[in-house]
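The structure appears below as C-alpha cells.
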Amino acid sequence: MIDYAGLMTRAAMLRKNLGEDSSSPIDIFAMAQNIDKLTIVYYPLGENLSGMCIKGQEDNNLIAINSSMTLGRQRFSMAHEFYHLFYDDNMISVCAKKIDSGKDTERSADMFASYFLMPDAALQVRAESLAGEHPDNELTINDVIRVEQYFGVSHQAAVYRLMHTPYLSDSRGNAFLTESVRSRAETLGYSSDLYRPSPEGKKYMTYGNYISQAEQVLEQGLVSEGKYEELLMDAFRSDLVYGDETEGGDVLD
C-alpha cells in the first residue's frame, strides 16, 4: 500500500535538504549536478525506459535519463530517480515510460516525483484559482497546460496529479491524456520546449562526478592528457576536448 502522506513529507524534506523552498518551481537538472558523487548521463534509452538509477560503491551513483523523451518527461524522470537514489535500497532501479504503473516501489517513486516537482499546497492553490474561473469549477485543457508549464512537467504527469485534486474528474482527465498539446501551448504563448526531446547535439551527454573525477586524476598525474581526453570522449563530452563551436565565446554579464 502506497503511503501518500509519507511520500509528500519525503518530497518536502528533500527539497529543503537540497536548498529549495516548499512551493516554487525548480531547476531539477541543476539540482542534480550539485548532488555530491552523482554522475548524470543523458542517453537515448529506447521507447519503454525513461530513466535508471545505479548505486555504486563509496556513494558513487549514477542516474541515466532518456534524452529521446520530452523535456517535461525528463524532468519527471529525474525526480523519480531521486526517490530511488535517496529512499530505495535496491542497487539498480529503472523507470518505465508509463506513469503510475508497475510495482508499488515504482508507483511510489512516481508519486514522490509528482510531489517533489509540484508541491501539494502550491498545486492546490493554482488549480483552485484556475478552476474557479469556470462555472463547473473544473479545469480545462488550457488550465492543465498552464499548470504543467508553470511546474515544468510533462502533460501526462500534470494530468495524473490533477486527477488527485477535486478540480479534474477522471473522465475529463483521461480524455486530456489523449490530446496533443504542443501546438495548443504555443497558441497560449508558451514555448514548446517542454514537449520536445533533447536536441541532437545534447542527446548524448554526461555531467557531474565522472567529469570532475576525470579532471582530478589528470591533475594528480594519474593519467596522461590523451587518456583524460579518452575518458571525456567515452562520456560524450567532445565539447570539453575540442570546444563547442556552436556556443561561441564566453559572454561577460
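By convention here, the chains of the C-alpha cells are called A, B, ... in the order presented, each chain's residues are numbered starting at 1, and ligands are numbered starting at 1 in the order presented.
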Who sits within 12 Å of Asp136 (chain A), only C-alpha atoms, same chain under 4 positions skipped, as a compact mmCIF listing (two decimals) with N, CA and C atoms, in the first residue's frame:
# COMPACT_ATOMS: atom_id res chain seq x y z
N GLU A 128 -7.09 25.49 -7.86
CA GLU A 128 -8.33 26.09 -7.37
C GLU A 128 -8.59 27.43 -8.04
N LEU A 130 -7.50 28.46 -11.03
CA LEU A 130 -7.85 28.28 -12.44
C LEU A 130 -9.25 27.69 -12.60
N ALA A 131 -9.58 26.69 -11.78
CA ALA A 131 -10.90 26.05 -11.88
C ALA A 131 -12.00 27.02 -11.49
N GLY A 132 -11.70 27.93 -10.57
CA GLY A 132 -12.70 28.89 -10.11
C GLY A 132 -13.16 29.86 -11.17
N THR A 140 -9.93 23.11 -17.44
CA THR A 140 -9.98 22.86 -18.87
C THR A 140 -8.60 22.39 -19.33
N PRO A 166 -9.75 17.91 -6.47
CA PRO A 166 -11.18 17.98 -6.78
C PRO A 166 -11.49 18.69 -8.09
N TYR A 167 -10.47 19.14 -8.81
CA TYR A 167 -10.70 20.06 -9.92
C TYR A 167 -10.56 19.41 -11.29
N LEU A 168 -10.31 18.10 -11.33
CA LEU A 168 -10.24 17.41 -12.62
C LEU A 168 -10.78 15.99 -12.43
N SER A 169 -11.93 15.74 -13.04
CA SER A 169 -12.56 14.43 -12.91
C SER A 169 -11.77 13.39 -13.69
Could you pull out the residues in region 41-87 of chain A that DSSP calls strand (DSSP E) from the backbone, as a PyMOL selection string? chain A and resi 41-43+49-55+61-66
Using only C-alpha atoms, which residue out of A:Phe236, A:Met8, A:His80, A:Pro119 lies closest to Glu20 (chain A)? A:Pro119
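Here CA of Gln124 (chain A) stands at a distance of 27.9 Å from CA of Asp88 (chain A).
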Considering only C-alpha atoms, return as an MDAnalysis selection string whatever protein or nucleic-acid residues lie within 10 Å of region 30-32 of chain A, sequence-local ones (same chain, fewer than 3 positions apart) excluded. chainID A and resid 15 18:20 26:27 35:36 38:40 63 78:79 82 207:208
Need to verify the contact set: Ser23 (chain A), 12 Å, only C-alpha atoms, exclusion of same-chain residues closer than 2 positions in sequence. Can you return it as a list in words? Ala11, Ala12, Met13, Arg15, Lys16, Glu20, Asp21, Pro25, Ile26, Tyr115, Phe116, Leu117, Met118, Pro119, Asp120, Ala121, Ala122, Leu123, Gln124, Val125, Arg126, Tyr150 and Phe151 of chain A
Atoms to include: C-alpha atoms. Write the selected residues as an mmCIF file, in the first residue's frame.
data_model
loop_
_atom_site.group_PDB
_atom_site.id
_atom_site.type_symbol
_atom_site.label_atom_id
_atom_site.label_comp_id
_atom_site.auth_asym_id
_atom_site.auth_seq_id
_atom_site.Cartn_x
_atom_site.Cartn_y
_atom_site.Cartn_z
ATOM 1 C CA ALA A 11 9.473 15.150 -1.089
ATOM 2 C CA ALA A 12 9.194 18.297 1.041
ATOM 3 C CA MET A 13 12.157 17.310 3.207
ATOM 4 C CA ARG A 15 13.548 19.853 -1.376
ATOM 5 C CA LYS A 16 14.592 21.536 1.863
ATOM 6 C CA GLU A 20 14.822 24.673 -2.258
ATOM 7 C CA ASP A 21 11.713 26.211 -0.741
ATOM 8 C CA PRO A 25 9.161 25.502 -9.480
ATOM 9 C CA ILE A 26 12.693 24.106 -9.518
ATOM 10 C CA TYR A 115 5.060 15.878 -5.031
ATOM 11 C CA PHE A 116 8.693 16.917 -5.485
ATOM 12 C CA LEU A 117 8.063 18.883 -8.676
ATOM 13 C CA MET A 118 4.515 20.005 -7.833
ATOM 14 C CA PRO A 119 4.277 20.580 -4.061
ATOM 15 C CA ASP A 120 0.748 19.893 -2.900
ATOM 16 C CA ALA A 121 -0.114 23.265 -1.385
ATOM 17 C CA ALA A 122 1.224 25.199 -4.390
ATOM 18 C CA LEU A 123 -0.598 22.918 -6.825
ATOM 19 C CA GLN A 124 -3.887 23.111 -4.926
ATOM 20 C CA VAL A 125 -3.775 26.919 -4.864
ATOM 21 C CA ARG A 126 -3.047 27.158 -8.589
ATOM 22 C CA TYR A 150 4.415 26.542 -14.517
ATOM 23 C CA PHE A 151 5.880 23.481 -12.796
#
I want to know what sits within 12 Å of Ala235 (chain A), based on only C-alpha atoms, with residues of the same chain fewer than 5 positions away left out; could you give that as a list of chain:residue names?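 Near neighbours after the sequence-gap exclusion: A:Thr39, A:Ile40, A:Val41, A:Tyr42, A:Tyr43, A:Lys203, A:Tyr204, A:Met205, A:Thr206, A:Tyr207, A:Gly208, A:Asn209, A:Tyr210, A:Ile211, A:Ser212, A:Gln213, A:Ala214, A:Tyr228, A:Glu229, A:Glu230, A:Leu240, A:Val241.
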Written selection (N, CA and C atoms) as a compact mmCIF listing (two decimals), in the first residue's frame:
# COMPACT_ATOMS: atom_id res chain seq x y z
N THR A 39 26.79 11.08 -10.87
CA THR A 39 27.00 11.26 -12.30
C THR A 39 25.66 11.20 -13.00
N ILE A 40 25.41 12.14 -13.92
CA ILE A 40 24.16 12.19 -14.67
C ILE A 40 24.48 11.96 -16.14
N VAL A 41 23.84 10.97 -16.74
CA VAL A 41 24.05 10.65 -18.15
C VAL A 41 22.73 10.83 -18.90
N TYR A 42 22.77 11.59 -19.98
CA TYR A 42 21.63 11.73 -20.87
C TYR A 42 21.92 10.88 -22.11
N TYR A 43 20.99 9.96 -22.42
CA TYR A 43 21.25 8.98 -23.47
C TYR A 43 19.91 8.46 -23.99
N LYS A 203 21.73 14.97 -26.99
CA LYS A 203 21.14 13.67 -26.65
C LYS A 203 22.12 12.73 -25.97
N TYR A 204 23.41 12.96 -26.19
CA TYR A 204 24.44 12.16 -25.51
C TYR A 204 25.29 13.13 -24.69
N MET A 205 25.20 13.03 -23.36
CA MET A 205 25.90 14.00 -22.52
C MET A 205 26.07 13.43 -21.11
N THR A 206 27.20 13.76 -20.49
CA THR A 206 27.47 13.34 -19.11
C THR A 206 27.87 14.55 -18.28
N TYR A 207 27.33 14.65 -17.06
CA TYR A 207 27.67 15.73 -16.14
C TYR A 207 27.98 15.13 -14.77
N GLY A 208 28.52 15.95 -13.91
CA GLY A 208 28.66 15.55 -12.51
C GLY A 208 29.95 14.87 -12.16
N ASN A 209 29.85 13.87 -11.31
CA ASN A 209 31.00 13.28 -10.63
C ASN A 209 32.03 12.69 -11.59
N TYR A 210 31.57 12.02 -12.63
CA TYR A 210 32.51 11.40 -13.58
C TYR A 210 33.44 12.44 -14.20
N ILE A 211 32.88 13.57 -14.58
CA ILE A 211 33.68 14.62 -15.22
C ILE A 211 34.68 15.20 -14.23
N SER A 212 34.24 15.46 -13.01
CA SER A 212 35.17 16.02 -12.01
C SER A 212 36.24 15.01 -11.62
N GLN A 213 35.91 13.73 -11.58
CA GLN A 213 36.90 12.71 -11.27
C GLN A 213 37.95 12.61 -12.37
N ALA A 214 37.51 12.71 -13.61
CA ALA A 214 38.47 12.68 -14.72
C ALA A 214 39.44 13.85 -14.61
N TYR A 228 43.02 11.24 -20.52
CA TYR A 228 41.99 12.14 -20.00
C TYR A 228 40.99 12.48 -21.09
N GLU A 229 41.48 12.79 -22.27
CA GLU A 229 40.59 13.10 -23.38
C GLU A 229 39.77 11.88 -23.79
N GLU A 230 40.38 10.71 -23.68
CA GLU A 230 39.65 9.47 -23.98
C GLU A 230 38.51 9.27 -22.99
N LEU A 240 34.34 19.28 -24.39
CA LEU A 240 35.42 19.59 -23.46
C LEU A 240 36.79 19.27 -24.07
N VAL A 241 36.79 18.42 -25.09
CA VAL A 241 38.05 18.06 -25.75
C VAL A 241 38.36 19.03 -26.89
All residues 12 Å or closer to Asn48 (chain A), only C-alpha atoms, same chain fewer than 3 positions away omitted, as a ChimeraX atom specification: /A:44-45,51-52,66,68-69,94-99
Using only C-alpha atoms, which residue out of A:Ala127, A:Leu222, A:Ala175, A:Ile28 lies closest to Val153 (chain A)? A:Ile28
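The residue that comes closest to Asn17 (chain A), out of A:Phe86, A:Lys103, A:Ala158, A:Tyr242 and on the basis of only C-alpha atoms, is A:Phe86.
Ranking A:Ile54, A:Ala109, A:Leu49, A:Ile65 by their shortest atom-to-atom distance to Asn90 (chain A), with only C-alpha atoms included, puts A:Ile54 first.
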Name the residues of region 29-250 of chain A that fall into helix (DSSP H, G or I) according to DSSP on the backbone, using the chain letters and numbers of this document, as a ChimeraX atom specification. /A:29-33,57-59,71-87,104-117,120-131,141-151,155-162,170-177,182-187,193-195,200-202,209-219,225-234,238-242
